[in-house]
>>> print(open('final-v1.cif').read())   # mmCIF, C-alpha atoms and all ligand atoms
data_data
#
loop_
_atom_site.label_atom_id
_atom_site.label_comp_id
_atom_site.auth_asym_id
_atom_site.auth_seq_id
_atom_site.Cartn_x
_atom_site.Cartn_y
_atom_site.Cartn_z
CA MET A 203 105.09 143.12 84.14
CA SER A 204 105.45 146.70 85.12
CA TYR A 205 101.72 147.27 85.42
CA ALA A 206 101.07 145.52 88.77
CA PRO A 207 102.44 148.18 91.18
CA PHE A 208 100.45 150.82 89.33
CA ARG A 209 97.32 148.74 89.62
CA ASP A 210 97.88 148.59 93.38
CA ARG A 211 98.33 152.36 93.58
CA LEU A 212 95.13 152.93 91.61
CA VAL A 213 93.18 150.54 93.84
CA ALA A 214 94.56 152.27 96.95
CA LEU A 215 93.50 155.65 95.55
CA ALA A 216 89.99 154.73 94.40
CA GLY A 217 88.79 153.41 97.78
CA PRO A 218 89.33 156.48 99.98
CA THR A 219 88.35 158.95 97.22
CA ALA A 220 85.16 157.15 96.16
CA GLN A 221 83.13 160.15 97.38
CA ASP A 222 85.80 162.76 96.61
CA PRO A 223 86.14 163.56 92.87
CA GLY A 224 88.70 166.32 93.44
CA GLY A 225 90.77 164.05 95.69
CA TYR A 226 90.71 161.30 93.07
CA LEU A 227 92.10 163.62 90.39
CA GLU A 228 94.73 165.08 92.74
CA GLY A 229 95.86 161.57 93.68
CA LEU A 230 95.84 160.37 90.09
CA SER A 231 98.11 163.18 88.90
CA PRO A 232 101.44 161.83 90.29
CA ILE A 233 100.51 158.20 89.52
CA HIS A 234 99.79 159.12 85.89
CA ASP A 235 103.08 161.05 85.72
CA ASP A 236 105.04 158.03 87.04
CA TRP A 237 103.24 155.73 84.63
CA HIS A 238 104.30 157.75 81.62
CA THR A 239 107.97 157.57 82.58
CA GLU A 240 107.81 153.76 82.92
CA ALA A 241 110.01 152.19 80.25
CA SER A 242 108.33 149.00 79.08
CA ARG A 243 104.59 149.04 79.32
CA GLY A 244 103.37 146.53 76.72
CA TYR A 245 99.64 145.91 76.93
CA GLY A 246 99.74 147.51 80.39
CA PHE A 247 98.95 150.73 78.53
CA LEU A 248 95.45 149.42 77.99
CA LEU A 249 95.02 147.90 81.45
CA PHE A 250 96.28 151.00 83.27
CA HIS A 251 94.07 153.41 81.38
CA ASN A 252 91.12 151.03 81.55
CA ARG A 253 91.24 151.15 85.35
CA VAL A 254 91.83 154.91 85.37
CA VAL A 255 88.83 155.48 83.09
CA ARG A 256 86.61 153.08 85.05
CA ASN A 257 87.42 154.86 88.32
CA PHE A 258 86.94 158.26 86.70
CA LYS A 259 83.49 157.27 85.39
CA ALA A 260 82.45 156.05 88.84
CA ILE A 261 83.94 158.85 90.97
CA VAL A 262 84.19 162.00 88.83
CA GLY A 263 81.71 161.30 86.01
CA PRO A 264 78.55 161.88 88.09
CA VAL A 265 79.58 165.46 88.99
CA VAL A 266 80.62 166.54 85.48
CA ASP A 267 77.96 168.49 83.58
CA PRO A 268 77.61 168.23 80.65
CA ALA A 269 78.63 164.58 80.72
CA ILE A 270 81.88 163.68 78.96
CA GLU A 271 81.52 161.84 75.65
CA PRO A 272 84.31 160.17 73.68
CA PHE A 273 85.61 162.16 70.70
CA THR A 274 83.94 161.24 67.43
CA GLU A 275 85.89 160.51 64.23
CA GLN A 276 84.84 163.91 62.89
CA GLN A 277 86.09 165.68 66.02
CA PHE A 278 89.42 163.87 65.69
CA ARG A 279 89.68 164.97 62.05
CA ASP A 280 88.81 168.57 62.94
CA MET A 281 91.75 168.61 65.36
CA GLY A 282 94.11 167.18 62.75
CA VAL A 283 94.13 163.66 64.20
CA ALA A 284 93.98 160.83 61.66
CA PRO A 285 91.31 158.33 62.83
CA PHE A 286 92.68 155.17 64.46
CA GLN A 287 92.33 152.38 61.93
CA VAL A 288 92.85 148.78 63.02
CA ASP A 289 90.56 145.88 62.20
CA LEU A 290 89.39 145.12 65.74
CA ALA A 291 87.77 141.86 64.69
CA GLY A 292 91.28 140.50 64.07
CA VAL A 293 92.43 141.16 67.65
CA ASP A 294 91.62 137.88 69.36
CA THR A 295 94.94 136.38 70.39
CA PHE A 296 97.35 137.49 73.08
CA GLU A 297 100.03 138.48 70.54
CA GLU A 298 97.47 140.53 68.65
CA LEU A 299 96.39 142.25 71.84
CA VAL A 300 99.98 143.29 72.57
CA ALA A 301 100.37 144.55 68.99
CA PHE A 302 97.04 146.37 69.26
CA SER A 303 98.10 147.98 72.56
CA THR A 304 101.38 149.18 71.06
CA SER A 305 99.75 150.57 67.95
CA ILE A 306 96.93 152.40 69.74
CA GLU A 307 99.46 153.76 72.26
CA SER A 308 101.58 155.26 69.51
CA TRP A 309 98.47 156.64 67.76
CA HIS A 310 97.41 158.10 71.11
CA ASN A 311 100.78 159.85 71.55
CA THR A 312 100.30 161.65 68.26
CA ALA A 313 96.69 162.43 69.21
CA HIS A 314 97.78 163.97 72.53
CA MET A 315 100.09 166.33 70.66
CA ALA A 316 97.53 167.37 68.04
CA ILE A 317 94.68 167.76 70.56
CA GLY A 318 96.92 169.88 72.77
CA THR A 319 97.64 172.18 69.86
CA ALA A 320 94.00 172.33 68.73
CA THR A 321 92.46 172.89 72.17
CA GLY A 322 95.21 174.81 73.97
CA THR A 323 95.18 172.29 76.85
CA PRO A 324 98.39 170.84 78.37
CA MET A 325 97.82 167.43 76.80
CA MET A 326 101.52 166.55 76.85
CA ASP A 327 101.87 166.91 80.64
CA PRO A 328 100.63 163.76 82.42
CA ARG A 329 100.48 165.65 85.71
CA GLN A 330 98.07 168.25 84.34
CA ASN A 331 96.20 166.74 81.40
CA ILE A 332 93.92 164.61 83.59
CA PHE A 333 92.25 167.78 84.81
CA PHE A 334 91.00 168.59 81.28
CA ARG A 335 87.94 167.32 79.45
CA ALA A 336 89.84 166.66 76.21
CA PHE A 337 92.03 164.08 77.97
CA TRP A 338 88.99 162.05 79.02
CA GLN A 339 87.30 162.38 75.63
CA LEU A 340 90.40 160.83 74.06
CA HIS A 341 90.71 158.10 76.68
CA PHE A 342 87.00 157.27 76.64
CA PHE A 343 87.42 156.62 72.91
CA ILE A 344 90.44 154.37 73.54
CA ASP A 345 88.68 152.50 76.31
CA ASP A 346 85.63 151.85 74.13
CA THR A 347 87.99 150.42 71.52
CA PHE A 348 89.67 148.23 74.14
CA ALA A 349 86.28 146.93 75.26
CA VAL A 350 85.59 145.71 71.71
CA THR A 351 88.86 143.75 71.61
CA LEU A 352 88.24 142.27 75.06
CA GLN A 353 84.98 140.87 73.75
CA ALA A 354 86.73 139.45 70.71
CA GLY A 355 89.53 137.99 72.85
CA CYS A 356 87.21 136.37 75.33
CA GLN A 357 85.09 134.87 72.57
CA GLY A 358 87.88 133.85 70.20
CA SER A 359 89.48 130.44 69.88
CA ASP A 360 92.75 131.59 71.51
CA ARG A 361 91.73 132.83 74.94
CA ARG A 362 95.20 133.04 76.46
CA TRP A 363 95.30 136.78 76.88
CA CYS A 364 91.89 136.70 78.48
CA ARG A 365 93.36 134.38 81.14
CA ARG A 366 96.59 136.33 81.31
CA VAL A 367 94.63 139.39 82.29
CA HIS A 368 92.91 137.29 84.96
CA GLY A 369 96.34 136.06 86.10
CA ASN A 370 97.22 139.62 87.03
CA ARG A 371 93.91 139.93 88.83
CA SER A 372 93.05 142.86 86.60
CA GLU A 373 89.38 142.37 85.97
CA THR A 374 87.66 144.46 83.35
CA HIS A 375 83.96 144.98 82.81
CA ALA A 376 84.04 142.83 79.70
CA GLU A 377 85.67 140.03 81.67
CA ARG A 378 83.19 140.31 84.47
CA ARG A 379 80.43 139.83 81.95
CA GLN A 380 82.21 136.86 80.41
CA PRO A 381 84.36 135.08 82.96
CA THR A 382 86.67 132.42 81.53
CU CU B 401 96.82 159.56 77.10
#
>>> encode(input="final-v1.cif", output="structure tokens")
Amino acid sequence: MSYAPFRDRLVALAGPTAQDPGGYLEGLSPIHDDWHTEASRGYGFLLFHNRVVRNFKAIVGPVVDPAIEPFTEQQFRDMGVAPFQVDLAGVDTFEELVAFSTSIESWHNTAHMAIGTATGTPMMDPRQNIFFRAFWQLHFFIDDTFAVTLQAGCQGSDRRWCRRVHGNRSETHAERRQPT
């Protein structure tokens, strides 16, 4: 899977910049740009952004005032973004996770465009958008949604994708709470 080298780059970045929020964002910029030119991403879309968001919350979050909150449904609507509608309770097999990742990624592409237009931020440029609040508000929302499906996947009868994620040594907070 194409995600692994990116995971390694993110891990290598987060260590030395743990006390350097500006350095973390500067280092993330080219990694994020490379990621978005990667051809087949599959559910790596969720894993990549999950790690990016986790690192951001730990390294940059504490120095951002006011704190960044995920966009609400109403805020999405006000920017012309149709709310993301998938029954998350149904996402508890590996195949469903992949389908969920693909569908939220394509929704997120449309959202990037509309939010860029509504806020005047360069949301379509992966090198620049990470420096803007709107990017993180969108990705906090997506990551919260991912966390719900991780719970469902780890608790469901088909736990393959839970293990598959472990197989790539890509732990998530939900997995750490509920190791398989
Ligand atoms: Cu994005």
>>> residues_around(input="final-v1.cif", residues="A:Phe258", least_positions_apart="3", cutoff="10 Å", atoms="only C-alpha atoms", output="MDAnalysis selection string")
chainID A and resid 216 220 223 226:227 230 252:255 261:264 332 338
>>> atom_distance(input="final-v1.cif", atom1="atom CA of A:Phe302", atom2="atom CA of A:Ala269")
28.3 Å
>>> closest_residue(input="final-v1.cif", among="A:Leu340, A:Ile317, A:Leu352, A:Ile270", to="ligand CU 401 (chain B)", atoms="all atoms listed in the file")
A:Leu340
>>> atom_distance(input="final-v1.cif", atom1="atom CA of A:Leu290", atom2="atom CA of A:Trp309")
14.8 Å
>>> closest_atom_pairs(input="final-v1.cif", of="chain A", to="ligand CU 401 (chain B)", cutoff="7 Å", atoms="only C-alpha atoms and all ligand atoms", output="CSV")
residue,atom,partner,partner_atom,distance
A:His310,CA,B:CU401,CU,6.2
A:Asn311,CA,B:CU401,CU,6.8
A:His314,CA,B:CU401,CU,6.4
A:Phe337,CA,B:CU401,CU,6.6
A:His341,CA,B:CU401,CU,6.3
>>> write_last_selection(input="final-v1.cif", atoms="C-alpha atoms", output="CSV table (one decimal), keeping the file's coordinate frame")
chain,number,residue,atom,x,y,z
A,310,HIS,CA,97.4,158.1,71.1
A,311,ASN,CA,100.8,159.8,71.6
A,314,HIS,CA,97.8,164.0,72.5
A,337,PHE,CA,92.0,164.1,78.0
A,341,HIS,CA,90.7,158.1,76.7
>>> residues_around(input="final-v1.cif", residues="A:Val288", least_positions_apart="3", cutoff="12 Å", atoms="all atoms listed in the file", output="PyMOL selection string")
chain A and resi 285+291-293+298-299+301-306+309+347-348+350-351
>>> closest_residue(input="final-v1.cif", among="A:Gly282, A:Pro232, A:Gly246, A:Gly225", to="A:Arg329", atoms="all atoms listed in the file")
A:Pro232
>>> closest_atom_pairs(input="final-v1.cif", of="stretch 226-248 of chain A", to="stretch 204-213 of chain A", cutoff="10 Å", atoms="only C-alpha atoms", output="JSON lines")
{"residue": "A:Tyr226", "atom": "CA", "partner": "A:Leu212", "partner_atom": "CA", "distance": 9.6}
{"residue": "A:Gly229", "atom": "CA", "partner": "A:Leu212", "partner_atom": "CA", "distance": 8.9}
{"residue": "A:Leu230", "atom": "CA", "partner": "A:Leu212", "partner_atom": "CA", "distance": 7.6}
{"residue": "A:Ile233", "atom": "CA", "partner": "A:Phe208", "partner_atom": "CA", "distance": 7.4}
{"residue": "A:His234", "atom": "CA", "partner": "A:Phe208", "partner_atom": "CA", "distance": 9.0}
{"residue": "A:Asp236", "atom": "CA", "partner": "A:Phe208", "partner_atom": "CA", "distance": 8.8}
{"residue": "A:Trp237", "atom": "CA", "partner": "A:Phe208", "partner_atom": "CA", "distance": 7.3}
{"residue": "A:Glu240", "atom": "CA", "partner": "A:Ser204", "partner_atom": "CA", "distance": 7.8}
{"residue": "A:Ala241", "atom": "CA", "partner": "A:Ser204", "partner_atom": "CA", "distance": 8.6}
{"residue": "A:Ser242", "atom": "CA", "partner": "A:Ser204", "partner_atom": "CA", "distance": 7.1}
{"residue": "A:Arg243", "atom": "CA", "partner": "A:Ser204", "partner_atom": "CA", "distance": 6.3}
{"residue": "A:Gly244", "atom": "CA", "partner": "A:Ser204", "partner_atom": "CA", "distance": 8.7}
{"residue": "A:Tyr245", "atom": "CA", "partner": "A:Tyr205", "partner_atom": "CA", "distance": 8.8}
{"residue": "A:Gly246", "atom": "CA", "partner": "A:Tyr205", "partner_atom": "CA", "distance": 5.4}
{"residue": "A:Phe247", "atom": "CA", "partner": "A:Tyr205", "partner_atom": "CA", "distance": 8.2}
{"residue": "A:Leu248", "atom": "CA", "partner": "A:Tyr205", "partner_atom": "CA", "distance": 10.0}
>>> build_atoms(input="final-v1.cif", residues="stretch 309-340 of chain A", atoms="N, CA and C atoms", output="PDB file, in the coordinates of the input")
ATOM      1  N   TRP A 309      99.472 155.716  68.330  1.00  0.00           N
ATOM      2  CA  TRP A 309      98.470 156.640  67.760  1.00  0.00           C
ATOM      3  C   TRP A 309      98.062 157.667  68.806  1.00  0.00           C
ATOM      4  N   HIS A 310      97.876 157.228  70.029  1.00  0.00           N
ATOM      5  CA  HIS A 310      97.410 158.100  71.110  1.00  0.00           C
ATOM      6  C   HIS A 310      98.457 159.174  71.455  1.00  0.00           C
ATOM      7  N   ASN A 311      99.740 158.837  71.305  1.00  0.00           N
ATOM      8  CA  ASN A 311     100.780 159.850  71.550  1.00  0.00           C
ATOM      9  C   ASN A 311     100.676 160.995  70.562  1.00  0.00           C
ATOM     10  N   THR A 312     100.477 160.638  69.297  1.00  0.00           N
ATOM     11  CA  THR A 312     100.300 161.650  68.260  1.00  0.00           C
ATOM     12  C   THR A 312      99.030 162.466  68.518  1.00  0.00           C
ATOM     13  N   ALA A 313      97.970 161.763  68.944  1.00  0.00           N
ATOM     14  CA  ALA A 313      96.690 162.430  69.210  1.00  0.00           C
ATOM     15  C   ALA A 313      96.837 163.433  70.355  1.00  0.00           C
ATOM     16  N   HIS A 314      97.571 163.046  71.407  1.00  0.00           N
ATOM     17  CA  HIS A 314      97.780 163.970  72.530  1.00  0.00           C
ATOM     18  C   HIS A 314      98.380 165.283  72.048  1.00  0.00           C
ATOM     19  N   MET A 315      99.394 165.155  71.185  1.00  0.00           N
ATOM     20  CA  MET A 315     100.090 166.330  70.660  1.00  0.00           C
ATOM     21  C   MET A 315      99.130 167.212  69.874  1.00  0.00           C
ATOM     22  N   ALA A 316      98.411 166.605  68.919  1.00  0.00           N
ATOM     23  CA  ALA A 316      97.530 167.370  68.040  1.00  0.00           C
ATOM     24  C   ALA A 316      96.367 167.993  68.821  1.00  0.00           C
ATOM     25  N   ILE A 317      95.812 167.263  69.777  1.00  0.00           N
ATOM     26  CA  ILE A 317      94.680 167.760  70.560  1.00  0.00           C
ATOM     27  C   ILE A 317      95.137 168.923  71.449  1.00  0.00           C
ATOM     28  N   GLY A 318      96.353 168.793  71.974  1.00  0.00           N
ATOM     29  CA  GLY A 318      96.920 169.880  72.770  1.00  0.00           C
ATOM     30  C   GLY A 318      97.019 171.157  71.964  1.00  0.00           C
ATOM     31  N   THR A 319      97.501 171.024  70.742  1.00  0.00           N
ATOM     32  CA  THR A 319      97.640 172.180  69.860  1.00  0.00           C
ATOM     33  C   THR A 319      96.267 172.756  69.508  1.00  0.00           C
ATOM     34  N   ALA A 320      95.315 171.873  69.184  1.00  0.00           N
ATOM     35  CA  ALA A 320      94.000 172.330  68.730  1.00  0.00           C
ATOM     36  C   ALA A 320      93.177 172.939  69.853  1.00  0.00           C
ATOM     37  N   THR A 321      93.333 172.446  71.081  1.00  0.00           N
ATOM     38  CA  THR A 321      92.460 172.890  72.170  1.00  0.00           C
ATOM     39  C   THR A 321      93.164 173.831  73.148  1.00  0.00           C
ATOM     40  N   GLY A 322      94.482 173.951  73.043  1.00  0.00           N
ATOM     41  CA  GLY A 322      95.210 174.810  73.970  1.00  0.00           C
ATOM     42  C   GLY A 322      95.282 174.245  75.381  1.00  0.00           C
ATOM     43  N   THR A 323      95.072 172.934  75.529  1.00  0.00           N
ATOM     44  CA  THR A 323      95.180 172.290  76.850  1.00  0.00           C
ATOM     45  C   THR A 323      96.536 171.594  76.959  1.00  0.00           C
ATOM     46  N   PRO A 324      97.054 171.435  78.195  1.00  0.00           N
ATOM     47  CA  PRO A 324      98.390 170.840  78.370  1.00  0.00           C
ATOM     48  C   PRO A 324      98.363 169.319  78.225  1.00  0.00           C
ATOM     49  N   MET A 325      98.013 168.862  77.023  1.00  0.00           N
ATOM     50  CA  MET A 325      97.820 167.430  76.800  1.00  0.00           C
ATOM     51  C   MET A 325      99.114 166.619  76.898  1.00  0.00           C
ATOM     52  N   MET A 326     100.259 167.286  76.814  1.00  0.00           N
ATOM     53  CA  MET A 326     101.520 166.550  76.850  1.00  0.00           C
ATOM     54  C   MET A 326     102.083 166.416  78.272  1.00  0.00           C
ATOM     55  N   ASP A 327     101.397 166.972  79.260  1.00  0.00           N
ATOM     56  CA  ASP A 327     101.870 166.910  80.640  1.00  0.00           C
ATOM     57  C   ASP A 327     100.986 165.962  81.450  1.00  0.00           C
ATOM     58  N   PRO A 328     101.484 164.751  81.741  1.00  0.00           N
ATOM     59  CA  PRO A 328     100.630 163.760  82.420  1.00  0.00           C
ATOM     60  C   PRO A 328     100.194 164.164  83.822  1.00  0.00           C
ATOM     61  N   ARG A 329     100.880 165.157  84.397  1.00  0.00           N
ATOM     62  CA  ARG A 329     100.480 165.650  85.710  1.00  0.00           C
ATOM     63  C   ARG A 329      99.248 166.554  85.610  1.00  0.00           C
ATOM     64  N   GLN A 330      99.145 167.254  84.491  1.00  0.00           N
ATOM     65  CA  GLN A 330      98.070 168.250  84.340  1.00  0.00           C
ATOM     66  C   GLN A 330      96.926 167.809  83.449  1.00  0.00           C
ATOM     67  N   ASN A 331      97.229 166.981  82.429  1.00  0.00           N
ATOM     68  CA  ASN A 331      96.200 166.740  81.400  1.00  0.00           C
ATOM     69  C   ASN A 331      94.945 166.058  81.937  1.00  0.00           C
ATOM     70  N   ILE A 332      95.093 165.315  83.041  1.00  0.00           N
ATOM     71  CA  ILE A 332      93.920 164.610  83.590  1.00  0.00           C
ATOM     72  C   ILE A 332      92.867 165.553  84.167  1.00  0.00           C
ATOM     73  N   PHE A 333      93.227 166.826  84.303  1.00  0.00           N
ATOM     74  CA  PHE A 333      92.250 167.780  84.810  1.00  0.00           C
ATOM     75  C   PHE A 333      91.420 168.408  83.679  1.00  0.00           C
ATOM     76  N   PHE A 334      91.660 167.981  82.439  1.00  0.00           N
ATOM     77  CA  PHE A 334      91.000 168.590  81.280  1.00  0.00           C
ATOM     78  C   PHE A 334      90.097 167.600  80.552  1.00  0.00           C
ATOM     79  N   ARG A 335      88.956 168.126  80.121  1.00  0.00           N
ATOM     80  CA  ARG A 335      87.940 167.320  79.450  1.00  0.00           C
ATOM     81  C   ARG A 335      88.502 166.583  78.232  1.00  0.00           C
ATOM     82  N   ALA A 336      89.341 167.271  77.444  1.00  0.00           N
ATOM     83  CA  ALA A 336      89.840 166.660  76.210  1.00  0.00           C
ATOM     84  C   ALA A 336      90.585 165.352  76.490  1.00  0.00           C
ATOM     85  N   PHE A 337      91.312 165.309  77.610  1.00  0.00           N
ATOM     86  CA  PHE A 337      92.030 164.080  77.970  1.00  0.00           C
ATOM     87  C   PHE A 337      91.061 162.914  78.085  1.00  0.00           C
ATOM     88  N   TRP A 338      89.949 163.142  78.786  1.00  0.00           N
ATOM     89  CA  TRP A 338      88.990 162.050  79.020  1.00  0.00           C
ATOM     90  C   TRP A 338      88.228 161.694  77.762  1.00  0.00           C
ATOM     91  N   GLN A 339      87.980 162.689  76.905  1.00  0.00           N
ATOM     92  CA  GLN A 339      87.300 162.380  75.630  1.00  0.00           C
ATOM     93  C   GLN A 339      88.165 161.450  74.780  1.00  0.00           C
ATOM     94  N   LEU A 340      89.475 161.705  74.787  1.00  0.00           N
ATOM     95  CA  LEU A 340      90.400 160.830  74.060  1.00  0.00           C
ATOM     96  C   LEU A 340      90.436 159.447  74.708  1.00  0.00           C
TER      97      LEU A 340
END
